[in-house]
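Enquirer: Contents of query19.tsv (TSV, C-alpha atoms and all ligand atoms) are below:
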```tsv
chain	number	residue	atom	x	y	z
V	1266	PRO	CA	110.04	98.34	59.79
V	1267	ASN	CA	106.38	97.87	60.41
V	1268	PHE	CA	105.93	95.38	63.18
V	1269	GLN	CA	103.05	93.88	61.30
V	1270	MET	CA	105.72	92.12	59.25
V	1271	ILE	CA	105.69	89.49	61.98
V	1272	GLU	CA	102.85	87.67	60.41
V	1273	GLY	CA	101.61	84.14	60.09
V	1274	ASN	CA	103.88	81.16	60.07
V	1275	SER	CA	105.73	82.54	57.09
V	1276	SER	CA	109.02	84.29	56.49
V	1277	ASN	CA	109.60	86.77	53.67
V	1278	ILE	CA	110.20	83.98	51.16
V	1279	GLY	CA	106.94	82.17	51.99
V	1280	ARG	CA	104.31	81.72	49.29
V	1281	MET	CA	101.86	84.06	50.97
V	1282	ASP	CA	99.27	83.63	48.23
V	1283	CYS	CA	98.48	80.01	48.84
V	1284	ARG	CA	98.15	80.72	52.52
V	1285	ALA	CA	95.74	83.57	51.86
V	1286	LYS	CA	93.68	81.62	49.32
V	1287	GLY	CA	93.51	78.47	51.39
V	1288	ALA	CA	92.93	80.23	54.70
V	1289	ALA	CA	90.93	77.95	56.97
V	1290	PRO	CA	87.34	79.05	57.49
V	1291	GLY	CA	87.02	80.35	60.98
V	1292	PHE	CA	86.77	83.43	63.11
V	1293	LYS	CA	89.01	86.43	63.59
V	1294	VAL	CA	89.97	86.95	67.20
V	1295	ALA	CA	91.97	89.74	68.86
V	1296	ILE	CA	93.59	89.49	72.28
V	1297	ILE	CA	94.18	92.91	73.86
V	1298	GLY	CA	96.82	92.68	76.59
V	1299	ALA	CA	98.35	89.65	74.84
V	1300	ALA	CA	101.83	89.96	76.36
V	1301	GLY	CA	100.62	89.79	79.97
V	1302	GLY	CA	100.38	87.00	82.49
V	1303	ILE	CA	96.96	85.93	81.21
V	1304	GLY	CA	97.52	87.18	77.66
V	1305	GLN	CA	100.43	84.86	76.86
V	1306	PRO	CA	98.90	81.49	77.76
V	1307	LEU	CA	95.56	82.74	76.40
V	1308	SER	CA	97.21	83.57	73.07
V	1309	MET	CA	98.80	80.14	72.97
V	1310	LEU	CA	95.53	78.35	73.69
V	1311	MET	CA	93.63	80.43	71.10
V	1312	LYS	CA	96.30	79.57	68.51
V	1313	MET	CA	95.36	75.93	69.21
V	1314	ASN	CA	91.63	76.57	68.73
V	1315	PRO	CA	90.42	75.17	65.39
V	1316	LEU	CA	87.61	77.76	65.22
V	1317	VAL	CA	90.16	80.58	64.93
V	1318	SER	CA	91.53	81.48	61.47
V	1319	VAL	CA	93.19	84.80	62.30
V	1320	LEU	CA	94.63	85.75	65.69
V	1321	HIS	CA	95.63	89.35	66.39
V	1322	LEU	CA	97.86	89.89	69.42
V	1323	TYR	CA	97.95	93.46	70.76
V	1324	ASP	CA	99.72	94.98	73.75
V	1325	VAL	CA	101.36	98.26	74.62
V	1326	VAL	CA	104.68	96.40	75.13
V	1327	ASN	CA	106.38	93.10	74.30
V	1328	THR	CA	104.04	91.84	71.58
V	1329	PRO	CA	106.79	91.17	69.00
V	1330	GLY	CA	108.36	88.38	71.05
V	1331	VAL	CA	105.08	86.74	71.98
V	1332	THR	CA	103.89	86.91	68.36
V	1333	ALA	CA	107.11	85.48	66.90
V	1334	ASP	CA	107.03	82.67	69.45
V	1335	ILE	CA	103.37	81.72	69.02
V	1336	SER	CA	103.44	82.06	65.22
V	1337	HIS	CA	105.79	79.04	65.06
V	1338	MET	CA	103.06	76.70	66.33
V	1339	ASP	CA	101.89	74.49	63.44
V	1340	THR	CA	98.18	75.13	63.88
V	1341	GLY	CA	95.80	76.79	61.41
V	1342	ALA	CA	95.38	80.30	62.79
V	1343	VAL	CA	97.44	83.06	61.18
V	1344	VAL	CA	99.01	85.22	63.90
V	1345	ARG	CA	99.69	88.94	63.61
V	1346	GLY	CA	101.24	91.12	66.30
V	1347	PHE	CA	100.62	94.80	67.03
V	1348	VAL	CA	102.46	96.91	69.58
V	1349	GLY	CA	101.74	100.41	70.85
V	1350	LYS	CA	98.71	102.66	71.11
V	1351	ASP	CA	98.76	103.78	67.47
V	1352	LYS	CA	98.28	100.16	66.35
V	1353	LEU	CA	95.14	99.48	68.39
V	1354	ASP	CA	92.68	100.21	65.59
V	1355	GLU	CA	94.59	98.11	63.09
V	1356	ALA	CA	94.63	95.21	65.58
V	1357	LEU	CA	90.84	95.45	66.04
V	1358	THR	CA	89.67	95.96	62.46
V	1359	GLY	CA	87.65	93.05	61.08
V	1360	MET	CA	87.54	91.08	64.33
V	1361	ASP	CA	84.61	88.80	65.26
V	1362	LEU	CA	85.67	88.41	68.89
V	1363	VAL	CA	87.84	90.64	71.09
V	1364	ILE	CA	89.20	89.23	74.36
V	1365	VAL	CA	90.49	91.84	76.82
V	1366	PRO	CA	92.87	90.77	79.61
V	1367	ALA	CA	94.63	94.19	79.74
V	1368	GLY	CA	95.38	95.95	83.00
V	1369	VAL	CA	97.12	95.50	86.32
V	1370	PRO	CA	96.42	92.43	88.51
V	1371	ARG	CA	96.07	92.28	92.30
V	1372	LYS	CA	98.87	91.96	94.84
V	1373	PRO	CA	98.35	90.46	98.33
V	1374	GLY	CA	96.07	92.63	100.47
V	1375	MET	CA	94.38	94.28	97.48
V	1376	THR	CA	90.75	93.93	96.47
V	1377	ARG	CA	89.73	93.96	92.82
V	1378	ASP	CA	88.26	97.40	93.44
V	1379	ASP	CA	91.77	98.69	94.31
V	1380	LEU	CA	92.61	98.18	90.62
V	1381	PHE	CA	89.85	100.54	89.51
V	1382	ASN	CA	91.89	103.73	89.13
V	1383	ILE	CA	94.35	102.20	86.65
V	1384	ASN	CA	92.19	99.67	84.84
V	1385	ALA	CA	89.15	101.91	84.29
V	1386	GLY	CA	91.19	104.17	82.01
V	1387	ILE	CA	92.75	101.22	80.17
V	1388	VAL	CA	89.35	99.63	79.51
V	1389	LYS	CA	87.91	102.97	78.35
V	1390	THR	CA	90.72	103.45	75.80
V	1391	ILE	CA	90.35	99.90	74.46
V	1392	CYS	CA	86.56	100.16	74.19
V	1393	GLU	CA	86.83	103.44	72.30
V	1394	GLY	CA	89.01	101.52	69.82
V	1395	ILE	CA	86.44	98.71	69.59
V	1396	ALA	CA	83.65	101.24	68.93
V	1397	ARG	CA	85.72	102.77	66.10
V	1398	SER	CA	87.12	99.62	64.51
V	1399	CYS	CA	84.94	96.56	65.20
V	1400	PRO	CA	81.65	97.72	66.74
V	1401	ARG	CA	79.90	94.42	65.86
V	1402	ALA	CA	82.50	92.18	67.53
V	1403	ILE	CA	81.67	90.18	70.62
V	1404	VAL	CA	83.70	91.53	73.57
V	1405	ASN	CA	84.93	89.23	76.35
V	1406	LEU	CA	86.02	91.58	79.15
V	1407	ILE	CA	88.43	90.05	81.68
V	1408	SER	CA	90.07	93.21	83.13
V	1409	ASN	CA	89.16	93.76	86.79
V	1410	PRO	CA	87.12	94.91	88.57
V	1411	VAL	CA	84.72	93.25	86.09
V	1412	ASN	CA	81.74	94.51	88.15
V	1413	SER	CA	82.78	98.07	87.18
V	1414	THR	CA	84.65	97.61	83.88
V	1415	VAL	CA	81.61	96.09	82.10
V	1416	PRO	CA	79.45	99.17	82.99
V	1417	ILE	CA	82.36	101.39	81.81
V	1418	ALA	CA	82.47	99.53	78.47
V	1419	ALA	CA	78.68	99.88	78.09
V	1420	GLU	CA	78.87	103.64	78.68
V	1421	VAL	CA	81.71	104.06	76.18
V	1422	PHE	CA	79.75	102.12	73.55
V	1423	LYS	CA	76.56	104.11	74.29
V	1424	LYS	CA	78.46	107.37	73.84
V	1425	ALA	CA	79.81	106.11	70.51
V	1426	GLY	CA	76.32	104.99	69.44
V	1427	THR	CA	77.46	101.37	68.97
V	1428	TYR	CA	76.14	99.72	72.14
V	1429	ASP	CA	74.53	96.32	71.70
V	1430	PRO	CA	74.18	94.67	75.12
V	1431	LYS	CA	74.21	91.20	73.55
V	1432	LEU	CA	77.82	91.74	72.45
V	1433	LEU	CA	79.27	92.81	75.81
V	1434	LEU	CA	80.17	89.90	78.06
V	1435	GLY	CA	82.02	90.14	81.38
V	1436	VAL	CA	84.08	86.98	81.91
V	1437	THR	CA	83.14	85.21	85.17
V	1438	MET	CA	84.05	81.77	83.83
V	1439	LEU	CA	86.94	81.34	86.28
V	1440	ASP	CA	84.43	81.40	89.14
V	1441	VAL	CA	82.51	78.58	87.45
V	1442	VAL	CA	85.72	76.65	86.73
V	1443	ARG	CA	86.77	76.97	90.39
V	1444	ALA	CA	83.28	76.06	91.63
V	1445	ASN	CA	83.22	72.92	89.46
V	1446	THR	CA	86.66	71.91	90.74
V	1447	PHE	CA	86.01	72.54	94.44
V	1448	VAL	CA	82.55	70.94	94.39
V	1449	ALA	CA	83.91	67.89	92.55
V	1450	GLU	CA	86.60	67.60	95.23
V	1451	VAL	CA	84.00	67.55	98.02
V	1452	LEU	CA	81.72	65.10	96.19
V	1453	GLY	CA	84.57	62.85	95.04
V	1454	LEU	CA	83.59	63.32	91.37
V	1455	ASP	CA	85.43	64.10	88.16
V	1456	PRO	CA	85.21	67.93	87.75
V	1457	ARG	CA	84.24	67.45	84.10
V	1458	GLU	CA	80.98	65.90	85.26
V	1459	VAL	CA	80.06	68.78	87.56
V	1460	ASP	CA	78.15	71.93	86.62
V	1461	VAL	CA	77.80	74.69	89.21
V	1462	PRO	CA	75.95	77.88	88.23
V	1463	VAL	CA	77.71	80.94	89.65
V	1464	VAL	CA	75.71	84.17	89.48
V	1465	GLY	CA	75.98	87.80	90.65
V	1466	GLY	CA	79.34	89.35	89.86
V	1467	HIS	CA	83.08	88.75	89.97
V	1468	ALA	CA	84.39	89.92	93.37
V	1469	GLY	CA	84.09	88.55	96.93
V	1470	VAL	CA	80.49	88.31	98.14
V	1471	THR	CA	79.13	89.20	94.69
V	1472	ILE	CA	80.32	85.75	93.53
V	1473	LEU	CA	77.27	83.64	94.33
V	1474	PRO	CA	77.56	79.90	93.70
V	1475	LEU	CA	74.13	78.24	93.52
V	1476	LEU	CA	74.97	74.99	95.26
V	1477	SER	CA	71.28	74.01	95.34
V	1478	GLN	CA	71.35	73.81	91.52
V	1479	VAL	CA	74.51	71.72	91.09
V	1480	LYS	CA	74.40	69.04	88.43
V	1481	PRO	CA	74.43	66.11	88.97
V	1482	PRO	CA	71.83	66.67	91.72
V	1483	CYS	CA	73.42	66.35	95.17
V	1484	SER	CA	73.12	67.69	98.67
V	1485	PHE	CA	75.62	69.31	101.01
V	1486	THR	CA	75.90	69.65	104.78
V	1487	PRO	CA	75.80	73.23	106.18
V	1488	GLU	CA	79.57	72.94	106.83
V	1489	GLU	CA	80.20	71.93	103.23
V	1490	ILE	CA	78.09	74.84	101.99
V	1491	ASN	CA	80.02	77.34	104.13
V	1492	HIS	CA	83.38	75.88	103.11
V	1493	LEU	CA	82.52	75.77	99.39
V	1494	THR	CA	80.94	79.23	99.24
V	1495	ASP	CA	83.91	80.75	101.04
V	1496	ARG	CA	86.48	78.96	98.87
V	1497	ILE	CA	84.72	79.85	95.60
V	1498	GLN	CA	84.34	83.51	96.64
V	1499	ASN	CA	87.98	83.72	97.71
V	1500	GLY	CA	89.59	81.46	95.11
V	1501	GLY	CA	91.25	84.47	93.49
V	1502	THR	CA	92.73	85.59	96.78
V	1503	GLU	CA	94.04	82.05	97.40
V	1504	VAL	CA	96.12	82.40	94.20
V	1505	VAL	CA	97.15	86.03	94.87
V	1506	GLU	CA	98.50	85.00	98.30
V	1507	ALA	CA	100.27	81.91	96.96
V	1508	LYS	CA	101.92	84.02	94.25
V	1509	ALA	CA	103.03	86.43	97.01
V	1510	GLY	CA	103.30	89.60	94.95
V	1511	ALA	CA	103.91	88.02	91.55
V	1512	GLY	CA	100.34	88.61	90.35
V	1513	SER	CA	96.99	86.85	90.34
V	1514	ALA	CA	95.52	83.84	88.53
V	1515	THR	CA	96.89	83.69	84.99
V	1516	LEU	CA	97.01	80.02	83.91
V	1517	SER	CA	93.62	78.94	85.23
V	1518	MET	CA	92.28	82.28	83.95
V	1519	ALA	CA	93.67	81.67	80.47
V	1520	TYR	CA	92.04	78.23	80.53
V	1521	ALA	CA	88.72	79.74	81.66
V	1522	ALA	CA	88.94	82.55	79.09
V	1523	VAL	CA	89.45	80.06	76.28
V	1524	LYS	CA	86.60	77.89	77.52
V	1525	PHE	CA	84.36	80.97	77.41
V	1526	ALA	CA	85.70	82.31	74.10
V	1527	ASP	CA	85.24	78.90	72.51
V	1528	ALA	CA	81.60	78.91	73.66
V	1529	CYS	CA	81.15	82.38	72.10
V	1530	LEU	CA	82.64	81.15	68.80
V	1531	ARG	CA	80.43	78.03	68.79
V	1532	GLY	CA	77.47	80.35	69.34
V	1533	LEU	CA	78.61	82.59	66.47
V	1534	ARG	CA	78.88	79.50	64.26
V	1535	GLY	CA	75.24	78.76	65.01
V	1536	ASP	CA	75.59	75.79	67.36
V	1537	ALA	CA	72.45	75.19	69.43
V	1538	GLY	CA	72.31	75.07	73.23
V	1539	VAL	CA	75.57	76.88	74.07
V	1540	ILE	CA	75.01	78.07	77.64
V	1541	GLU	CA	77.57	79.63	80.00
V	1542	CYS	CA	77.55	82.09	82.90
V	1543	SER	CA	78.51	85.70	82.13
V	1544	PHE	CA	78.18	89.21	83.61
V	1545	VAL	CA	75.87	91.02	81.21
V	1546	GLN	CA	73.21	93.72	80.96
V	1547	SER	CA	70.27	92.03	82.61
V	1548	GLN	CA	66.72	92.30	83.88
V	1549	VAL	CA	67.00	89.25	86.12
V	1550	THR	CA	67.30	91.54	89.18
V	1551	GLU	CA	66.68	95.27	89.61
V	1552	LEU	CA	70.40	95.88	88.86
V	1553	PRO	CA	71.37	96.88	85.31
V	1554	PHE	CA	74.10	94.21	85.12
V	1555	PHE	CA	74.19	90.75	86.64
V	1556	ALA	CA	75.88	87.41	85.97
V	1557	THR	CA	73.65	84.45	85.18
V	1558	LYS	CA	73.55	81.66	82.66
V	1559	VAL	CA	73.19	83.04	79.13
V	1560	ARG	CA	72.62	81.33	75.79
V	1561	LEU	CA	75.28	82.26	73.25
V	1562	GLY	CA	74.30	82.48	69.60
V	1563	ARG	CA	75.02	84.25	66.33
V	1564	SER	CA	74.28	87.64	67.85
V	1565	GLY	CA	76.01	87.12	71.20
V	1566	ALA	CA	74.10	86.65	74.47
V	1567	GLU	CA	70.73	85.91	72.89
V	1568	GLU	CA	68.90	84.72	75.97
V	1569	ILE	CA	69.44	85.48	79.64
V	1570	PHE	CA	68.18	82.84	82.02
V	1571	PRO	CA	66.49	83.59	85.35
V	1572	LEU	CA	68.08	82.62	88.64
V	1573	GLY	CA	65.88	79.59	89.22
V	1574	PRO	CA	64.75	78.50	92.68
V	1575	LEU	CA	67.06	79.69	95.49
V	1576	ASN	CA	67.19	78.37	99.03
V	1577	GLU	CA	67.26	80.62	102.09
V	1578	TYR	CA	71.08	80.67	102.28
V	1579	GLU	CA	71.29	81.71	98.63
V	1580	ARG	CA	68.59	84.37	99.02
V	1581	ALA	CA	70.58	85.94	101.87
V	1582	GLY	CA	73.73	85.75	99.73
V	1583	LEU	CA	71.89	87.40	96.85
V	1584	GLU	CA	70.95	90.42	98.99
V	1585	LYS	CA	74.58	90.91	100.06
V	1586	ALA	CA	75.79	90.47	96.49
V	1587	LYS	CA	73.30	93.03	95.16
V	1588	THR	CA	74.31	95.71	97.68
V	1589	GLU	CA	77.99	95.50	96.72
V	1590	LEU	CA	77.26	95.12	93.02
V	1591	ALA	CA	75.09	98.25	92.96
V	1592	THR	CA	78.03	100.30	94.30
V	1593	SER	CA	80.52	98.80	91.82
V	1594	ILE	CA	78.20	99.35	88.86
V	1595	ASP	CA	77.58	102.99	89.88
V	1596	LYS	CA	81.31	103.53	90.23
V	1597	GLY	CA	81.86	102.36	86.64
V	1598	VAL	CA	79.03	104.45	85.24
V	1599	SER	CA	80.13	107.63	87.08
V	1600	PHE	CA	83.73	107.19	85.89
V	1601	THR	CA	82.65	107.62	82.28
V	1602	ARG	CA	80.51	110.66	83.11
V	1603	LYS	CA	83.33	112.58	84.81
V	1701	LIG	P1	99.61	91.48	83.65
V	1701	LIG	O1	100.07	92.74	84.29
V	1701	LIG	O2	100.49	90.30	83.69
V	1701	LIG	O3	99.24	91.76	82.13
V	1701	LIG	C1	98.45	92.82	81.72
V	1701	LIG	C2	98.87	93.23	80.34
V	1701	LIG	O4	98.05	94.32	79.92
V	1701	LIG	C3	100.34	93.72	80.24
V	1701	LIG	O5	101.03	93.01	79.23
V	1701	LIG	C4	100.19	95.19	79.89
V	1701	LIG	O6	101.23	95.67	79.05
V	1701	LIG	C5	98.86	95.20	79.17
V	1701	LIG	N1	98.27	96.52	79.05
V	1701	LIG	C6	98.31	97.57	79.92
V	1701	LIG	N2	97.68	98.64	79.40
V	1701	LIG	C7	97.21	98.27	78.20
V	1701	LIG	C8	96.47	98.92	77.18
V	1701	LIG	N3	96.08	100.19	77.29
V	1701	LIG	N4	96.18	98.23	76.07
V	1701	LIG	C9	96.56	96.93	75.92
V	1701	LIG	N5	97.25	96.26	76.85
V	1701	LIG	C10	97.58	96.93	77.97
V	1701	LIG	O7	98.17	91.13	84.32
V	1701	LIG	P2	97.35	89.75	84.23
V	1701	LIG	O8	97.72	88.88	85.36
V	1701	LIG	O9	97.45	89.24	82.85
V	1701	LIG	O10	95.86	90.29	84.52
V	1701	LIG	C11	95.19	91.14	83.61
V	1701	LIG	C12	93.84	91.57	84.16
V	1701	LIG	O11	92.96	90.45	84.28
V	1701	LIG	C13	93.91	92.20	85.55
V	1701	LIG	O12	93.07	93.33	85.59
V	1701	LIG	C14	93.37	91.11	86.45
V	1701	LIG	O13	92.82	91.62	87.63
V	1701	LIG	C15	92.32	90.50	85.55
V	1701	LIG	N6	91.87	89.16	85.95
V	1701	LIG	C16	90.56	88.84	85.73
V	1701	LIG	C17	90.06	87.62	86.08
V	1701	LIG	C18	88.63	87.29	85.81
V	1701	LIG	O14	88.17	86.26	86.28
V	1701	LIG	N7	87.87	88.10	85.10
V	1701	LIG	C19	90.91	86.61	86.72
V	1701	LIG	C20	92.29	86.99	86.85
V	1701	LIG	C21	92.73	88.25	86.49
```
Output the file's structure as structure tokens, nothing else.
Ligand code: NAI
Expert:
Amino acid sequence: PNFQMIEGNSSNIGRMDCRAKGAAPGFKVAIIGAAGGIGQPLSMLMKMNPLVSVLHLYDVVNTPGVTADISHMDTGAVVRGFVGKDKLDEALTGMDLVIVPAGVPRKPGMTRDDLFNINAGIVKTICEGIARSCPRAIVNLISNPVNSTVPIAAEVFKKAGTYDPKLLLGVTMLDVVRANTFVAEVLGLDPREVDVPVVGGHAGVTILPLLSQVKPPCSFTPEEINHLTDRIQNGGTEVVEAKAGAGSATLSMAYAAVKFADACLRGLRGDAGVIECSFVQSQVTELPFFATKVRLGRSGAEEIFPLGPLNEYERAGLEKAKTELATSIDKGVSFTRK
């Protein structure tokens, strides 16, 4: 039987018609890598998002169980599962937003760049599917190393003639989520009140928290700045080590991915003033891609904000970040030209 039979909250005797006619207005979202450590909680949280009317869950393995499980939640989104490479295009067709947490995660001692050899190919395959089946969808790319996988995606889309830089967004939200949490801890504030811009990229020294631009306005001692910068840059490694071989951040990542996806959907709906950090094609520096605050709208990342005033510590950090980023971006671009 076609696995697509696992659909919606309905069994074979359900009155499918009324469901189809009365389908809640909302967006169609696909999660690619939905059965993984991030994919599962991300799928659950997206099923709870009132802006989502249709949720497609795709993976190369194990999607039937995840789909059956999540489809029993009594929320509005209709869930459909797709398993295996030959179902990728079907999973992507008609989607407004595609979230990609597919690929292997880090183990202790690994850098994100160590994942390149496996994940580059996975991202390429998925992006070829996006170019064929939903070239106007917004893409939220989570698969690491983000600093290289976003350039890979751009090259694949260019080759297919579908590239629109406004639609390709590397997800760096977890760095912002961590920065808000750690800064709130130091300041003794509620993390929900704190806003820390994190720019650059998504690996080690390329993760550049701008502590001089924290809202609400505050100041830090040099020790606090060193501690916070180091903890934000190595937050991922903190989790990888604590999980001791069982993977990297999945739950906080799913939370961050949903926070970012929800912002993209609010932008698509036409809400004003939706601003989040993301790794995008950019002219903010001399590098072709860079993470900064972007304004999300009906056509994706509609406005890319400049860095704003940096202090000396941040300017030094920026130089280091740019050197490493340049290498990671080149690595992604050359992969697709092999
Ligand atoms: P995981 O191994 O638990 O799950 C990955 C899933 O991807 C698996 O279910 C696997 O079957 C699936 N997959 C593999 N090849 C695929 C393909 N061709 N098409 C569709 N699905 C495919 O890994 P986890 O922990 O969920 O992490 C996923 C990725 O997210 C990793 O690359 C990790 O480094 C990255 N990550 C990114 C973060 C960010 O801030 N951007 C934070 C944390 C992780």
Enquirer: Please give the centre and size of the box around region 1594-1597 of chain V (axis-aligned, containing every atom listed in the file, 6 Å added per side), with values in Å to one decimal and written as lines of an AutoDock Vina configuration file.
Expert:
```
center_x = 79.7
center_y = 101.4
center_z = 88.4
size_x = 16.3
size_y = 16.2
size_z = 15.6
```
Enquirer: Which is closer to ligand LIG 1701 (chain V) than all the others in V:Ile1303, V:Val1523, V:Val1464, V:Leu1322, using all atoms listed in the file?
Expert: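 Result for the nearest residue to ligand LIG 1701 (chain V): V:Ile1303.
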Enquirer: Mind listing as a PyMOL selection string all residues within 10 Å of (100.5, 80.3, 64.1), counting all atoms listed in the file?
Expert: chain V and resi 1272-1275+1309+1311-1313+1318-1320+1332-1345
Enquirer: Between CA of Phe1525 (chain V) and atom C7 of ligand LIG 1701 (chain V), what is the distance in Å, rounded to a tenth?
Expert: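 Result for CA of Phe1525 (chain V) versus atom C7 of ligand LIG 1701 (chain V): 21.6 Å, one decimal.
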Enquirer: Select all residues near (94.1, 93.9, 91.6) (cut-off 12 Å, inclusive, file coordinates), counting all atoms listed in the file, and output them as a ChimeraX atom specification.
Expert: /V:1367-1385,1408-1411,1468,1501-1502,1504-1506,1510-1514
Enquirer: Restricting the calculation to only C-alpha atoms: of V:Pro1462, V:Thr1390, V:Leu1530, V:Val1539, which residue gets closest to Glu1568 (chain V)?
Expert: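 Smallest distance to Glu1568 (chain V) is found for V:Val1539.
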Enquirer: Please measure the separation of CA of Gly1304 (chain V) and CA of Gly1359 (chain V), giving the value in Å to one decimal.
Expert: 20.2 Å
Enquirer: Residues near Ile1297 (chain V), anyone? I mean within 10 Å using all atoms listed in the file, not counting same-chain ones fewer than 4 positions away, as a VMD selection string.
Expert: chain V and resid 1301 1304 1308 1321 to 1325 1347 1353 1356 to 1357 1363 to 1368 1391 1406
Enquirer: Keeping C-alpha atoms for every residue in the selection just given, could you write it to a file as an mmCIF file, in the coordinates of the input?
Expert:
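Dumped everything to out.cif:
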```cif
data_model
loop_
_atom_site.group_PDB
_atom_site.id
_atom_site.type_symbol
_atom_site.label_atom_id
_atom_site.label_comp_id
_atom_site.auth_asym_id
_atom_site.auth_seq_id
_atom_site.Cartn_x
_atom_site.Cartn_y
_atom_site.Cartn_z
ATOM 1 C CA GLY V 1301 100.620 89.790 79.970
ATOM 2 C CA GLY V 1304 97.520 87.180 77.660
ATOM 3 C CA SER V 1308 97.210 83.570 73.070
ATOM 4 C CA HIS V 1321 95.630 89.350 66.390
ATOM 5 C CA LEU V 1322 97.860 89.890 69.420
ATOM 6 C CA TYR V 1323 97.950 93.460 70.760
ATOM 7 C CA ASP V 1324 99.720 94.980 73.750
ATOM 8 C CA VAL V 1325 101.360 98.260 74.620
ATOM 9 C CA PHE V 1347 100.620 94.800 67.030
ATOM 10 C CA LEU V 1353 95.140 99.480 68.390
ATOM 11 C CA ALA V 1356 94.630 95.210 65.580
ATOM 12 C CA LEU V 1357 90.840 95.450 66.040
ATOM 13 C CA VAL V 1363 87.840 90.640 71.090
ATOM 14 C CA ILE V 1364 89.200 89.230 74.360
ATOM 15 C CA VAL V 1365 90.490 91.840 76.820
ATOM 16 C CA PRO V 1366 92.870 90.770 79.610
ATOM 17 C CA ALA V 1367 94.630 94.190 79.740
ATOM 18 C CA GLY V 1368 95.380 95.950 83.000
ATOM 19 C CA ILE V 1391 90.350 99.900 74.460
ATOM 20 C CA LEU V 1406 86.020 91.580 79.150
#
```
Enquirer: Could you check which of V:Arg1401, V:His1467, V:Arg1496, V:Lys1389 is closest to Met1360 (chain V), using only C-alpha atoms?
Expert: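 Checking each candidate against Met1360 (chain V), we get V:Arg1401 as the closest.
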